[in-house]
Every structure is written in structure tokens, then in C-alpha cells.
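Participant: Below you'll find run.pdb; it's PDB, C-alpha atoms.
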MODEL        1
ATOM      1  CA  MET A   1     101.416 171.150 -68.789  1.00  0.00           C
ATOM      2  CA  LYS A   2     100.368 171.033 -72.451  1.00  0.00           C
ATOM      3  CA  LYS A   3      96.703 171.019 -71.470  1.00  0.00           C
ATOM      4  CA  MET A   4      97.241 174.049 -69.251  1.00  0.00           C
ATOM      5  CA  LEU A   5      98.966 175.905 -72.097  1.00  0.00           C
ATOM      6  CA  LEU A   6      96.111 174.992 -74.444  1.00  0.00           C
ATOM      7  CA  VAL A   7      93.507 176.259 -71.964  1.00  0.00           C
ATOM      8  CA  ILE A   8      95.367 179.540 -71.450  1.00  0.00           C
ATOM      9  CA  THR A   9      95.751 179.988 -75.216  1.00  0.00           C
ATOM     10  CA  VAL A  10      92.032 179.376 -75.819  1.00  0.00           C
ATOM     11  CA  VAL A  11      91.087 181.858 -73.061  1.00  0.00           C
ATOM     12  CA  LEU A  12      93.451 184.524 -74.406  1.00  0.00           C
ATOM     13  CA  VAL A  13      92.219 184.103 -77.995  1.00  0.00           C
ATOM     14  CA  GLY A  14      88.619 184.316 -76.747  1.00  0.00           C
ATOM     15  CA  CYS A  15      89.344 187.500 -74.814  1.00  0.00           C
ATOM     16  CA  LEU A  16      91.095 189.055 -77.785  1.00  0.00           C
ATOM     17  CA  ALA A  17      88.206 188.177 -80.110  1.00  0.00           C
ATOM     18  CA  ALA A  18      85.664 189.610 -77.641  1.00  0.00           C
ATOM     19  CA  SER A  19      87.621 192.842 -77.276  1.00  0.00           C
ATOM     20  CA  ALA A  20      87.823 193.193 -81.069  1.00  0.00           C
ATOM     21  CA  ALA A  21      84.038 193.458 -81.466  1.00  0.00           C
ATOM     22  CA  PRO A  22      83.024 197.066 -82.188  1.00  0.00           C
ATOM     23  CA  VAL A  23      80.713 199.009 -79.862  1.00  0.00           C
ATOM     24  CA  VAL A  24      77.527 200.048 -81.674  1.00  0.00           C
ATOM     25  CA  VAL A  25      76.601 203.674 -80.991  1.00  0.00           C
ATOM     26  CA  ASN A  26      73.272 204.552 -82.624  1.00  0.00           C
ATOM     27  CA  ILE A  27      71.573 207.750 -81.465  1.00  0.00           C
ATOM     28  CA  GLN A  28      68.356 209.565 -82.303  1.00  0.00           C
ATOM     29  CA  PHE A  29      68.464 213.295 -81.557  1.00  0.00           C
ATOM     30  CA  ASP A  30      65.445 213.962 -79.302  1.00  0.00           C
ATOM     31  CA  GLY A  31      63.014 216.408 -80.949  1.00  0.00           C
ATOM     32  CA  PHE A  32      64.793 216.162 -84.315  1.00  0.00           C
ATOM     33  CA  CYS A  33      64.270 213.861 -87.277  1.00  0.00           C
ATOM     34  CA  ASP A  34      67.870 212.769 -87.940  1.00  0.00           C
ATOM     35  CA  ASN A  35      70.123 210.184 -86.305  1.00  0.00           C
ATOM     36  CA  ILE A  36      73.692 208.917 -86.262  1.00  0.00           C
ATOM     37  CA  GLN A  37      74.397 205.205 -86.693  1.00  0.00           C
ATOM     38  CA  SER A  38      77.987 204.352 -85.887  1.00  0.00           C
ATOM     39  CA  LYS A  39      80.430 201.996 -84.286  1.00  0.00           C
ATOM     40  CA  ARG A  40      83.422 202.596 -82.049  1.00  0.00           C
ATOM     41  CA  TYR A  41      86.238 200.227 -82.917  1.00  0.00           C
ATOM     42  CA  THR A  42      89.947 199.548 -82.715  1.00  0.00           C
ATOM     43  CA  PRO A  43      92.197 198.929 -85.705  1.00  0.00           C
ATOM     44  CA  SER A  44      94.502 196.816 -83.511  1.00  0.00           C
ATOM     45  CA  PRO A  45      92.723 194.810 -80.762  1.00  0.00           C
ATOM     46  CA  GLY A  46      94.692 194.475 -77.555  1.00  0.00           C
ATOM     47  CA  VAL A  47      97.065 197.272 -78.598  1.00  0.00           C
ATOM     48  CA  ILE A  48      94.906 200.319 -79.360  1.00  0.00           C
ATOM     49  CA  PRO A  49      91.730 201.068 -77.343  1.00  0.00           C
ATOM     50  CA  LYS A  50      88.332 201.399 -79.061  1.00  0.00           C
ATOM     51  CA  LYS A  51      88.494 205.119 -79.789  1.00  0.00           C
ATOM     52  CA  PHE A  52      87.896 205.235 -83.574  1.00  0.00           C
ATOM     53  CA  LEU A  53      84.418 206.094 -84.922  1.00  0.00           C
ATOM     54  CA  THR A  54      82.853 205.400 -88.292  1.00  0.00           C
ATOM     55  CA  GLY A  55      79.265 205.487 -89.493  1.00  0.00           C
ATOM     56  CA  ILE A  56      76.548 207.597 -91.075  1.00  0.00           C
ATOM     57  CA  HIS A  57      74.511 210.686 -90.268  1.00  0.00           C
ATOM     58  CA  ASP A  58      71.068 209.758 -91.589  1.00  0.00           C
ATOM     59  CA  ILE A  59      69.161 212.880 -92.573  1.00  0.00           C
ATOM     60  CA  SER A  60      66.788 210.949 -94.884  1.00  0.00           C
ATOM     61  CA  PRO A  61      63.970 210.888 -92.267  1.00  0.00           C
ATOM     62  CA  CYS A  62      64.011 214.699 -92.632  1.00  0.00           C
ATOM     63  CA  GLY A  63      63.874 214.582 -96.426  1.00  0.00           C
ATOM     64  CA  GLY A  64      67.663 214.874 -96.697  1.00  0.00           C
ATOM     65  CA  THR A  65      70.453 212.468 -97.522  1.00  0.00           C
ATOM     66  CA  ILE A  66      72.825 210.041 -95.798  1.00  0.00           C
ATOM     67  CA  VAL A  67      76.347 211.302 -95.067  1.00  0.00           C
ATOM     68  CA  ALA A  68      79.421 209.334 -93.974  1.00  0.00           C
ATOM     69  CA  VAL A  69      80.843 210.484 -90.624  1.00  0.00           C
ATOM     70  CA  GLY A  70      83.979 209.552 -88.749  1.00  0.00           C
ATOM     71  CA  GLY A  71      85.969 210.638 -85.756  1.00  0.00           C
ATOM     72  CA  PHE A  72      87.373 209.708 -82.377  1.00  0.00           C
ATOM     73  CA  GLN A  73      86.298 209.307 -78.767  1.00  0.00           C
ATOM     74  CA  HIS A  74      88.210 211.594 -76.404  1.00  0.00           C
ATOM     75  CA  GLY A  75      87.954 213.673 -73.261  1.00  0.00           C
ATOM     76  CA  LEU A  76      86.940 217.333 -73.154  1.00  0.00           C
ATOM     77  CA  SER A  77      86.636 220.035 -70.538  1.00  0.00           C
ATOM     78  CA  LEU A  78      83.326 219.886 -68.680  1.00  0.00           C
ATOM     79  CA  THR A  79      82.916 223.628 -69.305  1.00  0.00           C
ATOM     80  CA  ILE A  80      82.361 223.065 -73.048  1.00  0.00           C
ATOM     81  CA  PRO A  81      78.861 221.915 -74.168  1.00  0.00           C
ATOM     82  CA  PRO A  82      77.582 219.245 -73.940  1.00  0.00           C
ATOM     83  CA  ASN A  83      79.437 219.476 -70.586  1.00  0.00           C
ATOM     84  CA  ALA A  84      80.273 215.748 -70.365  1.00  0.00           C
ATOM     85  CA  THR A  85      83.226 213.488 -71.020  1.00  0.00           C
ATOM     86  CA  PRO A  86      84.278 211.241 -72.736  1.00  0.00           C
ATOM     87  CA  LEU A  87      82.776 212.337 -76.037  1.00  0.00           C
ATOM     88  CA  ASP A  88      82.281 210.759 -79.422  1.00  0.00           C
ATOM     89  CA  ASP A  89      83.524 213.482 -81.772  1.00  0.00           C
ATOM     90  CA  TYR A  90      82.048 213.147 -85.281  1.00  0.00           C
ATOM     91  CA  SER A  91      83.181 215.162 -88.273  1.00  0.00           C
ATOM     92  CA  ASP A  92      80.202 215.685 -90.598  1.00  0.00           C
ATOM     93  CA  PRO A  93      80.829 216.971 -94.143  1.00  0.00           C
ATOM     94  CA  ILE A  94      77.134 217.754 -94.854  1.00  0.00           C
ATOM     95  CA  GLU A  95      77.612 221.501 -95.345  1.00  0.00           C
ATOM     96  CA  GLY A  96      80.432 220.937 -97.850  1.00  0.00           C
ATOM     97  CA  ILE A  97      78.246 218.567 -99.873  1.00  0.00           C
ATOM     98  CA  TYR A  98      75.951 221.508-100.560  1.00  0.00           C
ATOM     99  CA  GLY A  99      78.892 223.713-101.508  1.00  0.00           C
ATOM    100  CA  LEU A 100      78.874 225.737 -98.302  1.00  0.00           C
ATOM    101  CA  PRO A 101      82.265 226.690 -96.827  1.00  0.00           C
ATOM    102  CA  TYR A 102      81.469 225.327 -93.358  1.00  0.00           C
ATOM    103  CA  SER A 103      82.350 222.280 -91.305  1.00  0.00           C
ATOM    104  CA  LEU A 104      80.001 220.643 -88.821  1.00  0.00           C
ATOM    105  CA  GLN A 105      81.152 218.791 -85.696  1.00  0.00           C
ATOM    106  CA  TYR A 106      79.002 216.650 -83.374  1.00  0.00           C
ATOM    107  CA  LEU A 107      80.078 215.989 -79.771  1.00  0.00           C
ATOM    108  CA  VAL A 108      78.038 213.146 -78.239  1.00  0.00           C
ATOM    109  CA  HIS A 109      78.221 211.731 -74.726  1.00  0.00           C
ATOM    110  CA  GLU A 110      76.760 208.223 -74.754  1.00  0.00           C
ATOM    111  CA  SER A 111      75.293 207.897 -71.242  1.00  0.00           C
ATOM    112  CA  PRO A 112      73.434 209.965 -70.341  1.00  0.00           C
ATOM    113  CA  CYS A 113      72.949 210.707 -74.021  1.00  0.00           C
ATOM    114  CA  VAL A 114      73.591 214.416 -74.555  1.00  0.00           C
ATOM    115  CA  TRP A 115      75.062 216.224 -77.547  1.00  0.00           C
ATOM    116  CA  ALA A 116      76.135 219.530 -79.025  1.00  0.00           C
ATOM    117  CA  ASN A 117      77.068 220.461 -82.545  1.00  0.00           C
ATOM    118  CA  TYR A 118      79.341 223.227 -83.725  1.00  0.00           C
ATOM    119  CA  PHE A 119      79.907 224.764 -87.114  1.00  0.00           C
ATOM    120  CA  SER A 120      83.043 226.471 -88.319  1.00  0.00           C
ATOM    121  CA  ASN A 121      83.583 229.016 -91.063  1.00  0.00           C
ATOM    122  CA  SER A 122      87.381 228.594 -90.817  1.00  0.00           C
ATOM    123  CA  ALA A 123      87.582 231.667 -88.560  1.00  0.00           C
ATOM    124  CA  ALA A 124      86.092 230.124 -85.393  1.00  0.00           C
ATOM    125  CA  ASN A 125      83.875 227.347 -84.031  1.00  0.00           C
ATOM    126  CA  TYR A 126      80.330 228.341 -83.087  1.00  0.00           C
ATOM    127  CA  LEU A 127      77.953 226.419 -80.839  1.00  0.00           C
ATOM    128  CA  PHE A 128      74.918 225.650 -83.004  1.00  0.00           C
ATOM    129  CA  LEU A 129      72.565 223.312 -81.117  1.00  0.00           C
ATOM    130  CA  THR A 130      72.564 221.177 -77.954  1.00  0.00           C
ATOM    131  CA  GLY A 131      70.165 218.582 -76.669  1.00  0.00           C
ATOM    132  CA  THR A 132      69.482 215.110 -75.416  1.00  0.00           C
ATOM    133  CA  CYS A 133      69.424 211.942 -77.453  1.00  0.00           C
ATOM    134  CA  THR A 134      68.186 208.386 -77.233  1.00  0.00           C
ATOM    135  CA  ARG A 135      70.341 205.379 -78.042  1.00  0.00           C
ATOM    136  CA  PHE A 136      68.720 202.677 -80.143  1.00  0.00           C
ATOM    137  CA  SER A 137      69.720 199.254 -81.384  1.00  0.00           C
ATOM    138  CA  GLY A 138      68.656 197.556 -84.564  1.00  0.00           C
ATOM    139  CA  ALA A 139      67.081 199.392 -87.467  1.00  0.00           C
ATOM    140  CA  ALA A 140      66.813 203.162 -87.459  1.00  0.00           C
ATOM    141  CA  PRO A 141      63.379 204.806 -87.535  1.00  0.00           C
ATOM    142  CA  LYS A 142      61.944 204.769 -91.065  1.00  0.00           C
ATOM    143  CA  GLY A 143      59.916 207.320 -92.991  1.00  0.00           C
ATOM    144  CA  ARG A 144      59.660 211.046 -92.505  1.00  0.00           C
ATOM    145  CA  LEU A 145      59.847 211.948 -88.838  1.00  0.00           C
ATOM    146  CA  PRO A 146      58.536 215.109 -87.170  1.00  0.00           C
ATOM    147  CA  GLY A 147      60.917 217.940 -86.402  1.00  0.00           C
ATOM    148  CA  SER A 148      63.741 219.496 -88.347  1.00  0.00           C
ATOM    149  CA  SER A 149      67.250 218.125 -88.696  1.00  0.00           C
ATOM    150  CA  THR A 150      70.146 219.080 -86.434  1.00  0.00           C
ATOM    151  CA  VAL A 151      71.896 220.439 -89.531  1.00  0.00           C
ATOM    152  CA  LYS A 152      69.584 223.448 -89.826  1.00  0.00           C
ATOM    153  CA  ARG A 153      67.286 225.460 -87.603  1.00  0.00           C
TER     154      ARG A 153
ENDMDL
END
When written as C-alpha cells, how does the structure in this file appear?

Facilitator:
Amino acid sequence: MKKMLLVITVVLVGCLAASAAPVVVNIQFDGFCDNIQSKRYTPSPGVIPKKFLTGIHDISPCGGTIVAVGGFQHGLSLTIPPNATPLDDYSDPIEGIYGLPYSLQYLVHESPCVWANYFSNSAANYLFLTGTCTRFSGAAPKGRLPGSSTVKR
């Protein structure tokens, strides 16, 4: 009986540890020079699902900077671009860093990798760009890449 309890305990601890590992979500915006490197995690394994996002929006391959992003994974109506669900919803403060009174929001569906970003001037949200993306693992592309960033046209 004690051996059985030990085996069950080891299995449960192993399952809990495996479910605690974050999901890496790194995406390169197709046709653009910037990328988002993030992870989806849970602050309380086994209690709260992996719906929290944290990471960076790397605009340095475009000659820009690196900005911290965060957000949540959630569902959304299929009538709103990028017309997929669930979405990783990233809040990006890049416009505020430059003193502009705008917010920028990225909605990313992981597979197939599609995205849309919206900006807000506190009066409304406006669709800015949409596109496809490619997930990558490991190091992000280095050096200046062709194309403009998804922050500006």
C-alpha cells in the first residue's frame, strides 16, 4: 500500500511539474522585420490554466528598440480580425515610449499563425495591420532585416 501511494505521489508531482512549464510563443511577422518572443504561463499550476503572457516585442532588427509586452490568451468573435480564436492578446506600450498618446494591441493566433494589430487614441480602436506569421524556436533572427516594422507603415 505504501509503495502504491509513493508511485501515485511521484506520478502526480511529475504531472504537476510538466504542466507548470511555460509554452514558448515566438513569432516573426511575415514580410516585416520585427518579432515577438514570449511565453504563455500559469501563476498557479494545476489551478489556473496557462493564459498569462509575458515577453518582448523586438523591433531592433528594424533599427528600433526592444519593448516589454504582456497580456492574456482568450477567445474572440471570428468576425474580428484576425478572424481566429483563441488569441494571444499582447499590450504593447511602444507608442507611449515615444510620447504618442496611443496604445497598440496585437492579437495573434498561434496555429495557423495569423495576426492583427490595433491602435487606440482613447476614442476608439482602429485596425492597423493584419498578416501571417511564422513561429520560431531558439534565437531570434539577428541583424537588420528587410521590411518595415508592424508598428509603422

Participant: Once the PyMOL selection byres ((chain A and resi 121) around 10) has been applied to the shown file, what residues remain in the selection, as a PDB file with C-alpha atoms, in the coordinates of the input?

Facilitator:
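So selection10.pdb came out as:
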ATOM      1  CA  LEU A 100      78.874 225.737 -98.302  1.00  0.00           C
ATOM      2  CA  PRO A 101      82.265 226.690 -96.827  1.00  0.00           C
ATOM      3  CA  TYR A 102      81.469 225.327 -93.358  1.00  0.00           C
ATOM      4  CA  SER A 103      82.350 222.280 -91.305  1.00  0.00           C
ATOM      5  CA  LEU A 104      80.001 220.643 -88.821  1.00  0.00           C
ATOM      6  CA  PHE A 119      79.907 224.764 -87.114  1.00  0.00           C
ATOM      7  CA  SER A 120      83.043 226.471 -88.319  1.00  0.00           C
ATOM      8  CA  SER A 122      87.381 228.594 -90.817  1.00  0.00           C
ATOM      9  CA  ALA A 123      87.582 231.667 -88.560  1.00  0.00           C
ATOM     10  CA  ALA A 124      86.092 230.124 -85.393  1.00  0.00           C
ATOM     11  CA  ASN A 125      83.875 227.347 -84.031  1.00  0.00           C
ATOM     12  CA  TYR A 126      80.330 228.341 -83.087  1.00  0.00           C
TER      13      TYR A 126
END

Participant: I need the residue set behind the PyMOL selection byres ((chain A and resi 48-58) around 9) for this file; please write it as number ranges by chain.

Facilitator: A: 19-20, 22-23, 34-47, 59-62, 64-74, 88-90, 92, 94, 140

Participant: Using all atoms listed in the file, which residues sit within 10 Å of Phe29 (chain A) once same-chain residues fewer than 4 positions away are excluded, as a ChimeraX atom specification?

Facilitator: /A:33-36,113-115,130-135,149-150

Participant: Which neighbours of Leu127 (chain A) fall inside 10 Å, counting only C-alpha atoms, when residues of the same chain fewer than 6 positions from it are skipped, and could you give them as a list in words?

Facilitator: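 Answer for this query is Ile80, Pro81, Pro82, Gln105, Ala116, Asn117, Tyr118, Phe119 and Ser120 of chain A.
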
Participant: State, in Å with one decimal place, the distance from CA of Ser148 (chain A) to CA of Gly75 (chain A).

Facilitator: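 Rounded to one decimal, the two atoms are 29.1 Å apart.
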
Participant: Have a look at CA of Val25 (chain A) and CA of Phe136 (chain A) and let me know their distance in Å, one decimal.

Facilitator: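 Computing the Euclidean distance for CA of Val25 (chain A) and CA of Phe136 (chain A) yields 8.0 Å.
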
Participant: Hey, could you patch up region 73-107 of chain A with N, CA and C atoms and hand it over as a PDB file, in the coordinates of the input?

Facilitator:
ATOM      1  N   GLN A  73      86.794 209.069 -80.115  1.00  0.00           N
ATOM      2  CA  GLN A  73      86.298 209.307 -78.767  1.00  0.00           C
ATOM      3  C   GLN A  73      87.449 209.893 -77.966  1.00  0.00           C
ATOM      4  N   HIS A  74      87.168 210.955 -77.211  1.00  0.00           N
ATOM      5  CA  HIS A  74      88.210 211.594 -76.404  1.00  0.00           C
ATOM      6  C   HIS A  74      87.584 212.356 -75.254  1.00  0.00           C
ATOM      7  N   GLY A  75      88.408 212.858 -74.378  1.00  0.00           N
ATOM      8  CA  GLY A  75      87.954 213.673 -73.261  1.00  0.00           C
ATOM      9  C   GLY A  75      87.825 215.128 -73.685  1.00  0.00           C
ATOM     10  N   LEU A  76      87.123 215.911 -72.887  1.00  0.00           N
ATOM     11  CA  LEU A  76      86.940 217.333 -73.154  1.00  0.00           C
ATOM     12  C   LEU A  76      86.606 218.020 -71.834  1.00  0.00           C
ATOM     13  N   SER A  77      86.948 219.262 -71.738  1.00  0.00           N
ATOM     14  CA  SER A  77      86.636 220.035 -70.538  1.00  0.00           C
ATOM     15  C   SER A  77      85.129 220.028 -70.284  1.00  0.00           C
ATOM     16  N   LEU A  78      84.745 219.880 -69.038  1.00  0.00           N
ATOM     17  CA  LEU A  78      83.326 219.886 -68.680  1.00  0.00           C
ATOM     18  C   LEU A  78      82.681 221.263 -68.824  1.00  0.00           C
ATOM     19  N   THR A  79      83.467 222.286 -69.124  1.00  0.00           N
ATOM     20  CA  THR A  79      82.916 223.628 -69.305  1.00  0.00           C
ATOM     21  C   THR A  79      82.472 223.877 -70.751  1.00  0.00           C
ATOM     22  N   ILE A  80      82.729 222.916 -71.632  1.00  0.00           N
ATOM     23  CA  ILE A  80      82.361 223.065 -73.048  1.00  0.00           C
ATOM     24  C   ILE A  80      81.150 222.181 -73.324  1.00  0.00           C
ATOM     25  N   PRO A  81      80.036 222.740 -73.867  1.00  0.00           N
ATOM     26  CA  PRO A  81      78.861 221.915 -74.168  1.00  0.00           C
ATOM     27  C   PRO A  81      79.215 220.760 -75.087  1.00  0.00           C
ATOM     28  N   PRO A  82      78.713 219.593 -74.792  1.00  0.00           N
ATOM     29  CA  PRO A  82      77.582 219.245 -73.940  1.00  0.00           C
ATOM     30  C   PRO A  82      77.927 219.001 -72.472  1.00  0.00           C
ATOM     31  N   ASN A  83      79.059 219.507 -72.001  1.00  0.00           N
ATOM     32  CA  ASN A  83      79.437 219.476 -70.586  1.00  0.00           C
ATOM     33  C   ASN A  83      79.520 218.057 -70.027  1.00  0.00           C
ATOM     34  N   ALA A  84      80.100 217.145 -70.791  1.00  0.00           N
ATOM     35  CA  ALA A  84      80.273 215.748 -70.365  1.00  0.00           C
ATOM     36  C   ALA A  84      81.528 215.189 -71.026  1.00  0.00           C
ATOM     37  N   THR A  85      82.054 214.140 -70.443  1.00  0.00           N
ATOM     38  CA  THR A  85      83.226 213.488 -71.020  1.00  0.00           C
ATOM     39  C   THR A  85      83.201 212.021 -70.621  1.00  0.00           C
ATOM     40  N   PRO A  86      83.671 211.080 -71.417  1.00  0.00           N
ATOM     41  CA  PRO A  86      84.278 211.241 -72.736  1.00  0.00           C
ATOM     42  C   PRO A  86      83.215 211.511 -73.802  1.00  0.00           C
ATOM     43  N   LEU A  87      83.676 211.989 -74.944  1.00  0.00           N
ATOM     44  CA  LEU A  87      82.776 212.337 -76.037  1.00  0.00           C
ATOM     45  C   LEU A  87      83.127 211.576 -77.305  1.00  0.00           C
ATOM     46  N   ASP A  88      82.092 211.245 -78.063  1.00  0.00           N
ATOM     47  CA  ASP A  88      82.281 210.759 -79.422  1.00  0.00           C
ATOM     48  C   ASP A  88      82.258 212.004 -80.295  1.00  0.00           C
ATOM     49  N   ASP A  89      83.339 212.258 -80.987  1.00  0.00           N
ATOM     50  CA  ASP A  89      83.524 213.482 -81.772  1.00  0.00           C
ATOM     51  C   ASP A  89      83.430 213.122 -83.261  1.00  0.00           C
ATOM     52  N   TYR A  90      82.298 213.482 -83.882  1.00  0.00           N
ATOM     53  CA  TYR A  90      82.048 213.147 -85.281  1.00  0.00           C
ATOM     54  C   TYR A  90      82.280 214.351 -86.176  1.00  0.00           C
ATOM     55  N   SER A  91      83.020 214.153 -87.234  1.00  0.00           N
ATOM     56  CA  SER A  91      83.181 215.162 -88.273  1.00  0.00           C
ATOM     57  C   SER A  91      82.135 214.869 -89.342  1.00  0.00           C
ATOM     58  N   ASP A  92      81.313 215.864 -89.662  1.00  0.00           N
ATOM     59  CA  ASP A  92      80.202 215.685 -90.598  1.00  0.00           C
ATOM     60  C   ASP A  92      80.384 216.639 -91.780  1.00  0.00           C
ATOM     61  N   PRO A  93      80.581 216.117 -92.978  1.00  0.00           N
ATOM     62  CA  PRO A  93      80.829 216.971 -94.143  1.00  0.00           C
ATOM     63  C   PRO A  93      79.570 217.497 -94.831  1.00  0.00           C
ATOM     64  N   ILE A  94      78.404 217.427 -94.190  1.00  0.00           N
ATOM     65  CA  ILE A  94      77.134 217.754 -94.854  1.00  0.00           C
ATOM     66  C   ILE A  94      77.118 219.153 -95.474  1.00  0.00           C
ATOM     67  N   GLU A  95      77.649 220.140 -94.795  1.00  0.00           N
ATOM     68  CA  GLU A  95      77.612 221.501 -95.345  1.00  0.00           C
ATOM     69  C   GLU A  95      78.440 221.592 -96.627  1.00  0.00           C
ATOM     70  N   GLY A  96      79.584 220.920 -96.661  1.00  0.00           N
ATOM     71  CA  GLY A  96      80.432 220.937 -97.850  1.00  0.00           C
ATOM     72  C   GLY A  96      79.789 220.262 -99.047  1.00  0.00           C
ATOM     73  N   ILE A  97      78.941 219.258 -98.778  1.00  0.00           N
ATOM     74  CA  ILE A  97      78.246 218.567 -99.873  1.00  0.00           C
ATOM     75  C   ILE A  97      77.369 219.553-100.633  1.00  0.00           C
ATOM     76  N   TYR A  98      76.804 220.515 -99.923  1.00  0.00           N
ATOM     77  CA  TYR A  98      75.951 221.508-100.560  1.00  0.00           C
ATOM     78  C   TYR A  98      76.736 222.731-101.028  1.00  0.00           C
ATOM     79  N   GLY A  99      78.052 222.636-101.006  1.00  0.00           N
ATOM     80  CA  GLY A  99      78.892 223.713-101.508  1.00  0.00           C
ATOM     81  C   GLY A  99      79.086 224.867-100.541  1.00  0.00           C
ATOM     82  N   LEU A 100      78.710 224.679 -99.295  1.00  0.00           N
ATOM     83  CA  LEU A 100      78.874 225.737 -98.302  1.00  0.00           C
ATOM     84  C   LEU A 100      80.255 225.621 -97.658  1.00  0.00           C
ATOM     85  N   PRO A 101      80.906 226.727 -97.381  1.00  0.00           N
ATOM     86  CA  PRO A 101      82.265 226.690 -96.827  1.00  0.00           C
ATOM     87  C   PRO A 101      82.281 226.540 -95.295  1.00  0.00           C
ATOM     88  N   TYR A 102      81.556 225.549 -94.800  1.00  0.00           N
ATOM     89  CA  TYR A 102      81.469 225.327 -93.358  1.00  0.00           C
ATOM     90  C   TYR A 102      81.785 223.878 -93.037  1.00  0.00           C
ATOM     91  N   SER A 103      82.234 223.645 -91.814  1.00  0.00           N
ATOM     92  CA  SER A 103      82.350 222.280 -91.305  1.00  0.00           C
ATOM     93  C   SER A 103      81.374 222.141 -90.146  1.00  0.00           C
ATOM     94  N   LEU A 104      80.957 220.917 -89.888  1.00  0.00           N
ATOM     95  CA  LEU A 104      80.001 220.643 -88.821  1.00  0.00           C
ATOM     96  C   LEU A 104      80.587 219.528 -87.954  1.00  0.00           C
ATOM     97  N   GLN A 105      80.570 219.734 -86.643  1.00  0.00           N
ATOM     98  CA  GLN A 105      81.152 218.791 -85.696  1.00  0.00           C
ATOM     99  C   GLN A 105      80.089 218.429 -84.663  1.00  0.00           C
ATOM    100  N   TYR A 106      79.924 217.127 -84.405  1.00  0.00           N
ATOM    101  CA  TYR A 106      79.002 216.650 -83.374  1.00  0.00           C
ATOM    102  C   TYR A 106      79.804 216.087 -82.215  1.00  0.00           C
ATOM    103  N   LEU A 107      79.492 216.525 -80.998  1.00  0.00           N
ATOM    104  CA  LEU A 107      80.078 215.989 -79.771  1.00  0.00           C
ATOM    105  C   LEU A 107      78.961 215.272 -79.021  1.00  0.00           C
TER     106      LEU A 107
END
